[in-house]
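Asks: Dropping in protein_34.txt, which is compact mmCIF, C-alpha atoms and all ligand atoms:
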```txt
# COMPACT_ATOMS: atom_id res chain seq x y z
CA MET T 1 116.05 96.19 59.58
CA VAL T 2 118.05 99.10 60.79
CA PHE T 3 118.48 100.65 57.37
CA ASN T 4 114.90 101.58 56.68
CA THR T 5 114.23 105.06 55.44
CA LEU T 6 113.11 107.62 57.96
CA SER T 7 109.77 108.38 56.43
CA THR T 8 108.03 108.33 53.11
CA ASN T 9 109.06 111.89 52.33
CA SER T 10 112.68 111.40 53.29
CA THR T 11 115.27 109.19 51.68
CA LEU T 12 117.74 109.59 54.52
CA PRO T 13 118.63 106.21 55.96
CA MET T 14 118.19 105.59 59.67
CA SER T 15 121.91 104.79 59.99
CA SER T 16 122.93 108.29 58.79
CA MET T 17 120.63 109.90 61.29
CA VAL T 18 121.96 107.77 64.12
CA ASP T 19 125.57 108.52 63.09
CA ALA T 20 124.77 112.23 63.20
CA LEU T 21 123.02 111.74 66.52
CA LEU T 22 126.07 110.08 68.05
CA LYS T 23 128.11 113.09 66.88
CA GLY T 24 125.70 115.36 68.73
CA GLU T 25 124.23 117.06 65.67
CA ARG T 26 121.14 119.03 66.60
CA TRP T 27 119.06 118.25 63.52
CA ALA T 28 119.44 114.54 64.28
CA VAL T 29 118.42 115.07 67.90
CA ALA T 30 115.33 116.97 66.75
CA LYS T 31 114.43 114.37 64.14
CA ALA T 32 114.93 111.45 66.54
CA ILE T 33 112.73 112.97 69.26
CA SER T 34 109.99 113.74 66.71
CA ILE T 35 110.06 110.11 65.61
CA LEU T 36 109.78 109.02 69.25
CA GLU T 37 106.78 111.28 69.75
CA ASP T 38 105.12 109.75 66.69
CA ASP T 39 105.49 106.38 68.38
CA GLY T 40 105.64 104.26 65.24
CA ILE T 41 107.87 101.38 64.23
CA GLN T 42 110.82 103.75 63.70
CA ALA T 43 110.68 104.80 67.34
CA ARG T 44 111.44 101.22 68.32
CA GLU T 45 114.28 101.06 65.79
CA ILE T 46 115.93 104.17 67.19
CA VAL T 47 115.83 102.78 70.72
CA GLU T 48 117.15 99.45 69.48
CA ILE T 49 120.19 101.13 67.94
CA ILE T 50 121.00 103.76 70.56
CA PHE T 51 120.21 101.84 73.75
CA LYS T 52 123.64 100.27 74.09
CA HIS T 53 125.31 103.68 73.83
CA SER T 54 123.13 105.24 76.53
CA GLY T 55 123.62 105.67 80.27
CA ASN T 56 126.38 108.28 80.39
CA SER T 57 124.34 111.33 81.34
CA ARG T 58 122.75 112.38 84.59
CA VAL T 59 119.11 113.37 84.67
CA ILE T 60 117.83 116.21 86.84
CA GLY T 61 114.07 116.39 87.41
CA VAL T 62 112.58 119.81 88.19
CA THR T 63 109.00 119.71 89.41
CA GLY T 64 106.60 121.80 91.47
CA PRO T 65 103.34 123.72 91.19
CA ALA T 66 102.47 125.82 88.11
CA GLY T 67 104.12 129.21 88.14
CA ALA T 68 106.71 128.33 90.79
CA GLY T 69 109.44 129.62 88.49
CA LYS T 70 110.70 126.27 87.19
CA SER T 71 111.40 127.39 83.62
CA THR T 72 113.10 130.58 84.77
CA LEU T 73 115.23 128.55 87.14
CA VAL T 74 116.09 125.97 84.49
CA GLY T 75 117.16 128.81 82.18
CA LYS T 76 119.61 129.99 84.83
CA MET T 77 120.78 126.46 85.62
CA ILE T 78 121.70 126.03 81.96
CA GLY T 79 123.96 129.09 82.23
CA VAL T 80 125.74 127.74 85.33
CA TYR T 81 126.18 124.27 83.85
CA ARG T 82 127.48 125.66 80.55
CA ALA T 83 129.99 127.80 82.46
CA ARG T 84 131.17 124.62 84.19
CA GLY T 85 131.71 122.89 80.85
CA PHE T 86 128.68 120.63 80.71
CA ARG T 87 126.44 120.14 77.67
CA VAL T 88 122.82 120.57 78.74
CA GLY T 89 119.66 119.07 77.31
CA VAL T 90 116.28 120.29 78.55
CA LEU T 91 112.98 118.49 78.11
CA ALA T 92 109.94 120.45 79.25
CA VAL T 93 107.08 118.07 79.74
CA ASP T 94 103.92 119.88 78.92
CA PRO T 95 100.77 117.93 79.72
CA SER T 96 98.50 120.76 78.59
CA SER T 97 100.04 121.46 75.22
CA SER T 98 97.48 119.43 73.31
CA ILE T 99 95.01 122.06 74.48
CA SER T 100 97.15 125.18 74.29
CA GLY T 101 100.58 125.92 72.96
CA GLY T 102 101.06 128.79 75.37
CA ALA T 103 103.22 127.01 77.89
CA ILE T 104 105.64 125.83 75.22
CA LEU T 105 106.04 129.33 73.90
CA GLY T 106 106.61 130.66 77.41
CA ASP T 107 109.33 128.10 78.08
CA ARG T 108 111.07 128.91 74.83
CA VAL T 109 111.07 132.61 75.66
CA ARG T 110 112.39 132.04 79.16
CA MET T 111 115.21 129.83 77.94
CA GLN T 112 115.85 131.45 74.57
CA GLU T 113 119.15 133.10 75.43
CA HIS T 114 120.60 129.59 75.06
CA ALA T 115 118.83 128.72 71.84
CA LEU T 116 121.83 129.34 69.60
CA ASP T 117 124.36 127.60 71.83
CA ASP T 118 125.51 124.25 70.43
CA GLY T 119 125.99 122.86 73.92
CA THR T 120 122.33 123.34 74.80
CA TYR T 121 119.26 121.62 73.44
CA ILE T 122 115.77 122.65 74.61
CA ARG T 123 112.60 120.88 73.68
CA SER T 124 109.01 120.78 74.88
CA MET T 125 107.31 117.42 74.76
CA ALA T 126 103.61 116.81 74.60
CA SER T 127 102.23 113.63 76.04
CA ARG T 128 102.19 110.77 73.61
CA GLY T 129 98.71 110.22 72.29
CA ALA T 130 97.86 106.67 71.39
CA SER T 131 99.82 104.58 73.84
CA GLY T 132 99.03 106.83 76.77
CA GLY T 133 101.40 108.64 79.07
CA ILE T 134 104.46 110.71 78.51
CA SER T 135 106.89 108.40 80.23
CA PHE T 136 107.73 106.23 77.22
CA ALA T 137 108.64 109.09 74.89
CA LEU T 138 110.34 110.91 77.75
CA ARG T 139 112.61 108.03 78.72
CA ASP T 140 113.59 107.53 75.09
CA ALA T 141 114.11 111.26 74.46
CA ILE T 142 116.47 111.25 77.46
CA ARG T 143 118.39 108.43 75.76
CA VAL T 144 118.59 110.45 72.54
CA LEU T 145 120.06 113.46 74.37
CA ASP T 146 122.34 111.16 76.32
CA VAL T 147 123.90 109.49 73.26
CA ALA T 148 124.17 112.93 71.60
CA GLY T 149 126.55 113.94 74.38
CA PHE T 150 124.34 116.12 76.57
CA ASN T 151 125.77 115.05 79.90
CA ARG T 152 123.27 116.89 82.07
CA ILE T 153 119.63 116.47 81.09
CA ILE T 154 117.05 118.60 82.88
CA VAL T 155 113.42 117.50 82.79
CA GLU T 156 110.85 120.13 83.79
CA SER T 157 107.36 118.97 84.67
CA VAL T 158 104.45 120.64 86.39
CA GLY T 159 103.81 119.04 89.73
CA ALA T 160 100.43 117.57 89.07
CA GLY T 161 99.89 114.35 90.95
CA GLN T 162 101.20 111.19 89.35
CA LEU T 163 103.69 112.77 87.01
CA ASP T 164 105.90 113.93 89.91
CA VAL T 165 106.29 110.38 91.02
CA LYS T 166 107.20 109.37 87.48
CA ILE T 167 109.77 112.13 87.22
CA SER T 168 111.46 111.03 90.42
CA SER T 169 111.61 107.46 89.12
CA ILE T 170 113.24 108.66 85.88
CA ALA T 171 115.56 111.36 87.26
CA ASP T 172 118.81 110.82 89.16
CA VAL T 173 118.14 113.91 91.26
CA THR T 174 114.72 115.49 91.78
CA ILE T 175 114.28 119.16 92.62
CA VAL T 176 110.95 120.41 93.96
CA VAL T 177 110.46 124.13 93.28
CA LEU T 178 108.02 126.04 95.46
CA ASN T 179 107.36 129.71 96.02
CA PRO T 180 105.69 131.86 98.66
CA GLN T 181 103.13 133.25 96.20
CA THR T 182 101.19 130.09 95.61
CA GLY T 183 99.28 129.03 98.69
CA ASP T 184 99.42 125.45 97.48
CA SER T 185 103.13 125.06 98.21
CA ILE T 186 102.68 123.52 101.63
CA GLN T 187 99.74 121.53 100.30
CA ALA T 188 101.96 120.20 97.53
CA ILE T 189 104.48 119.09 100.10
CA LYS T 190 101.89 117.39 102.22
CA ALA T 191 100.42 115.75 99.13
CA GLY T 192 103.51 113.64 98.75
CA LEU T 193 106.17 115.84 97.24
CA THR T 194 108.19 115.35 100.44
CA GLU T 195 108.99 111.84 99.36
CA VAL T 196 110.18 112.68 95.86
CA GLY T 197 112.56 115.59 96.37
CA ASP T 198 116.29 115.38 96.92
CA ILE T 199 116.44 119.17 96.89
CA TYR T 200 113.72 121.68 97.80
CA VAL T 201 114.00 125.15 96.34
CA VAL T 202 112.10 128.12 97.70
CA ASN T 203 112.13 130.30 94.61
CA LYS T 204 111.08 133.96 94.51
CA ALA T 205 113.10 134.56 97.65
CA ASP T 206 112.80 138.26 96.76
CA ILE T 207 109.17 138.40 97.80
CA SER T 208 107.76 138.31 101.30
CA GLY T 209 106.89 135.00 102.86
CA ALA T 210 109.96 133.24 101.45
CA ASN T 211 111.66 132.81 104.83
CA ALA T 212 108.53 131.45 106.46
CA LEU T 213 108.07 128.93 103.64
CA TYR T 214 111.75 127.99 103.87
CA ASN T 215 111.39 127.27 107.59
CA ASP T 216 108.18 125.29 107.07
CA ILE T 217 109.80 123.14 104.42
CA ARG T 218 112.87 122.53 106.52
CA ALA T 219 110.67 121.37 109.38
CA LEU T 220 108.60 119.13 107.12
CA VAL T 221 111.37 117.44 105.17
CA ALA T 222 113.76 117.13 108.09
CA GLU T 223 111.70 114.33 109.59
CA GLY T 224 113.31 111.01 108.92
CA ARG T 225 115.21 111.87 105.77
CA ASP T 226 118.95 112.34 105.39
CA ALA T 227 120.74 114.38 102.82
CA VAL T 228 117.82 116.52 101.71
CA ALA T 229 118.84 120.08 100.88
CA VAL T 230 116.57 123.11 101.19
CA LEU T 231 117.70 126.22 99.32
CA LYS T 232 116.45 129.70 98.42
CA THR T 233 116.74 131.18 94.94
CA VAL T 234 115.71 134.21 92.94
CA ALA T 235 115.48 132.61 89.51
CA SER T 236 114.77 135.90 87.78
CA THR T 237 118.20 137.27 88.78
CA GLY T 238 120.08 133.99 89.16
CA LYS T 239 120.72 134.45 92.87
CA GLY T 240 121.36 131.11 94.60
CA VAL T 241 121.57 129.14 91.35
CA ASP T 242 125.31 128.42 91.67
CA GLU T 243 124.60 126.96 95.11
CA LEU T 244 121.72 124.94 93.68
CA VAL T 245 123.98 123.43 91.02
CA ASP T 246 126.53 122.63 93.76
CA ALA T 247 123.80 120.86 95.73
CA ILE T 248 122.69 118.91 92.64
CA GLU T 249 126.23 117.76 91.93
CA GLN T 250 126.75 116.78 95.58
CA SER T 251 123.55 114.80 95.57
CA LEU T 252 124.60 113.09 92.32
CA SER T 253 128.00 112.06 93.61
CA ARG T 254 126.49 110.81 96.85
CA LYS T 255 124.02 108.65 94.93
CA LEU T 256 126.58 107.43 92.41
CA SER T 257 128.89 106.22 95.16
CA ASN T 258 126.16 104.81 97.34
CA GLY T 259 123.34 102.56 96.19
CA TYR T 260 123.17 103.71 92.57
CA LYS T 261 122.99 100.13 91.29
CA GLU T 262 119.83 99.61 93.32
CA ILE T 263 118.34 102.82 91.92
CA ILE T 264 119.05 101.61 88.39
CA ARG T 265 117.61 98.18 89.14
CA LYS T 266 114.35 99.73 90.39
CA ARG T 267 114.23 102.09 87.44
CA VAL T 268 114.61 99.29 84.91
CA GLU T 269 112.01 97.25 86.76
CA SER T 270 109.50 100.11 86.64
CA GLU T 271 110.21 100.79 82.96
CA LEU T 272 109.72 97.13 82.07
CA MET T 273 106.52 97.02 84.07
CA ASP T 274 105.23 100.12 82.22
CA ILE T 275 106.09 98.65 78.83
CA VAL T 276 104.55 95.29 79.65
CA PHE T 277 101.29 96.87 80.89
CA ASN T 278 101.20 99.04 77.81
CA MET T 279 101.77 96.10 75.47
CA LEU T 280 99.09 94.06 77.18
CA ALA T 281 96.63 96.95 77.04
CA LYS T 282 97.31 97.30 73.31
CA MET T 283 96.86 93.57 72.77
CA VAL T 284 93.53 93.61 74.53
CA LYS T 285 92.33 96.63 72.55
CA GLU T 286 93.61 95.51 69.17
CA ARG T 287 93.20 91.74 69.25
CA VAL T 288 90.32 91.08 71.57
CA GLY T 289 88.34 94.19 72.39
CA ILE T 290 85.37 94.02 74.69
CA GLU T 291 82.56 92.18 72.98
CA HIS T 292 79.12 93.65 72.97
CA GLU T 293 77.79 90.38 74.29
CA MET T 294 80.06 90.53 77.32
CA ILE T 295 78.82 94.02 78.17
CA GLU T 296 75.23 92.83 77.90
CA ARG T 297 75.94 89.90 80.19
CA VAL T 298 77.36 92.22 82.83
CA ILE T 299 74.37 94.56 82.49
CA ALA T 300 72.02 91.58 82.85
CA LYS T 301 73.96 90.56 85.99
CA GLU T 302 74.68 87.14 84.50
CA ILE T 303 78.35 87.67 85.24
CA ASP T 304 80.23 90.09 87.49
CA PRO T 305 82.78 92.54 86.00
CA TYR T 306 85.79 90.66 87.39
CA LYS T 307 84.73 87.34 85.91
CA ALA T 308 84.06 89.10 82.62
CA ALA T 309 87.49 90.74 82.66
CA GLU T 310 89.15 87.44 83.52
CA SER T 311 87.67 85.77 80.48
CA ILE T 312 88.87 88.65 78.27
CA VAL T 313 92.37 88.55 79.72
CA ALA T 314 92.46 84.78 79.30
CA LYS T 315 92.04 85.26 75.55
CA VAL T 316 95.26 87.28 75.40
CA VAL T 317 97.42 85.76 78.06
CA ARG T 318 98.07 82.09 78.45
CA TYR T 319 100.01 81.19 81.56
CA GLU T 320 102.95 78.94 80.74
N1 LIG T 401 109.69 137.86 91.74
C1 LIG T 401 110.12 136.76 91.14
N2 LIG T 401 109.48 136.30 90.06
C2 LIG T 401 109.93 135.16 89.47
C3 LIG T 401 111.07 134.48 89.96
N3 LIG T 401 111.26 133.40 89.19
C4 LIG T 401 110.30 133.39 88.26
N4 LIG T 401 109.48 134.47 88.41
C5 LIG T 401 108.30 134.81 87.61
O1 LIG T 401 107.27 133.86 87.88
C6 LIG T 401 106.50 133.62 86.71
C7 LIG T 401 106.42 132.12 86.42
O2 LIG T 401 107.72 131.69 86.07
P1 LIG T 401 107.96 130.35 85.21
O3 LIG T 401 109.43 130.17 85.15
O4 LIG T 401 107.21 130.37 83.95
O5 LIG T 401 107.30 129.28 86.16
P2 LIG T 401 107.04 127.72 85.87
O6 LIG T 401 107.11 127.05 87.19
O7 LIG T 401 107.95 127.24 84.81
O8 LIG T 401 105.56 127.74 85.34
P3 LIG T 401 104.78 126.55 84.58
O9 LIG T 401 105.72 125.93 83.59
O10 LIG T 401 103.63 127.23 83.93
O11 LIG T 401 104.35 125.59 85.64
C8 LIG T 401 107.14 134.42 85.60
O12 LIG T 401 106.45 135.61 85.44
C9 LIG T 401 108.54 134.68 86.11
O13 LIG T 401 109.12 135.84 85.60
C10 LIG T 401 111.74 135.01 91.12
O14 LIG T 401 112.71 134.47 91.63
N5 LIG T 401 111.21 136.15 91.67
MG MG T 402 107.53 126.20 82.96
```
Show this structure as structure tokens.
Ligand SMILES: Nc1nc2c(ncn2[C@@H]2O[C@H](COP(=O)(O)OP(=O)(O)OP(=O)(O)O)[C@@H](O)[C@H]2O)c(=O)[nH]1
Ligand SMILES: [Mg+2]
Replies:
Amino acid sequence: MVFNTLSTNSTLPMSSMVDALLKGERWAVAKAISILEDDGIQAREIVEIIFKHSGNSRVIGVTGPAGAGKSTLVGKMIGVYRARGFRVGVLAVDPSSSISGGAILGDRVRMQEHALDDGTYIRSMASRGASGGISFALRDAIRVLDVAGFNRIIVESVGAGQLDVKISSIADVTIVVLNPQTGDSIQAIKAGLTEVGDIYVVNKADISGANALYNDIRALVAEGRDAVAVLKTVASTGKGVDELVDAIEQSLSRKLSNGYKEIIRKRVESELMDIVFNMLAKMVKERVGIEHEMIERVIAKEIDPYKAAESIVAKVVRYE
């Protein structure tokens, strides 16, 4: 089944693309991620083939409020990592891109000095339409970059509620970027970002208010958590980015030598749970649907919504 053609307008076999992917060829990376975003049968085939080769790269999540300077910072991180001999993949998760392409363009511009470097691959990802949620395509795109030899993979996402939590469950190290300009920085921290970050970055340290924010964050994250770093950067000039990469690498080695198996176990559990929920949701939608009659019965108060849902679920799932 592995040797199907890639698409109707391409005669290239899947095996050639995967061979090229394992050699780190960019066109194959691009093609594979596009197939994943399309979410068809070929997406499953790619994962089936590459999965056993994956797991060699470390994933760095970069999150925080809009405009914090994440993309600028990631651009500078690429430079530091390249200078240290790493190959860097960047996935910019862009939840708004279905509405506007502006953010994607902005990211490209900010990171474009690396666009011609073979050791760097930058890609914006829109959320996957039909099956809901970016996490499936994102996890698999990380695997694609991983097997293509990008040994540091940076995932940028706007800190907007649930997605932050997802990023921290996918990334090995999570960086929360804040800045003194946006008044929502402390709000963001109070809203739960304190639990997800391994490293907090006060970016735009060149503007006033940076020290106060730095002190606030230190006070907030210090409570009850070990090994959390708080750093200041000026992403636009690169100041502090070497130190940030040091902190990331320290955090990675600490995790790898202490409790990493448990992290992986939890990550696999949460991925399986996501896939199972998604499969069940699809089965309900495609095979059963919600019958008109059932809706009428709920409206008529003949049956409560939970009883109605139970009878629908029972049509799909039979307990063994
Ligand atoms: N003064 C100053 N400006 C910065 C710094 N870093 C980034 N900026 C500016 O802040 C603006 C937003 O930067 P981005 O890198 O696009 O921020 P972002 O967090 O990726 O934004 P979204 O992806 O839209 O959430 C840009 O105009 C940058 O030039 C910094 O350290 N100091
Ligand atoms: Mg950005």
Asks: List as a tab-separated table every residue of region 55-84 of chain T that is in contact with region 199-213 of chain T, defined as an atom at most 10 Å from one of its atoms (using all atoms listed in the file), together with the nearest atom pair and the distance in Å rounded to one decimal, sorted by chain and then rising number.
Replies:
```
residue	atom	partner	partner_atom	distance
T:Val62	CA	T:Ile199	CA	9.5
T:Thr63	CA	T:Tyr200	CA	9.8
T:Gly64	CA	T:Val201	CA	9.5
T:Ala68	CA	T:Asn203	CA	6.9
T:Gly69	CA	T:Asn203	CA	6.7
T:Lys70	CA	T:Asn203	CA	8.6
T:Thr72	CA	T:Asn203	CA	9.9
T:Leu73	CA	T:Asn203	CA	8.3
```
Asks: If you measure from CA of Ser168 (chain T) to CA of Val196 (chain T), what distance in Å do you get, rounded to one decimal?
Replies: 5.8 Å
Asks: Compile the contact shell of region 32-38 of chain T as number ranges by chain: residues with an atom at most 7 Å away, counting only C-alpha atoms, same-chain residues fewer than 4 positions apart removed.
Replies: T: 28, 42-43, 128, 137, 141
Asks: Excluding same-chain residues fewer than 2 positions from region 266-268 of chain T, what lies within 12 Å of it counting all atoms listed in the file, as a PyMOL selection string?
Replies: chain T and resi 55+139+166-172+259-264+270-275
Asks: Find, counting all atoms listed in the file, the residue in T:Gly289, T:Gly85, T:Gly240, T:Gly149 that gets nearest to Lys315 (chain T).
Replies: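 So, comparing all the options, the nearest one is T:Gly289.
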Asks: Counting all atoms listed in the file, figure out which residue out of T:Asn258, T:Ser311, T:Thr174, T:Ser157 gets nearest to ligand LIG 401 (chain T).
Replies: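 Smallest distance to ligand LIG 401 (chain T) is found for T:Ser157.
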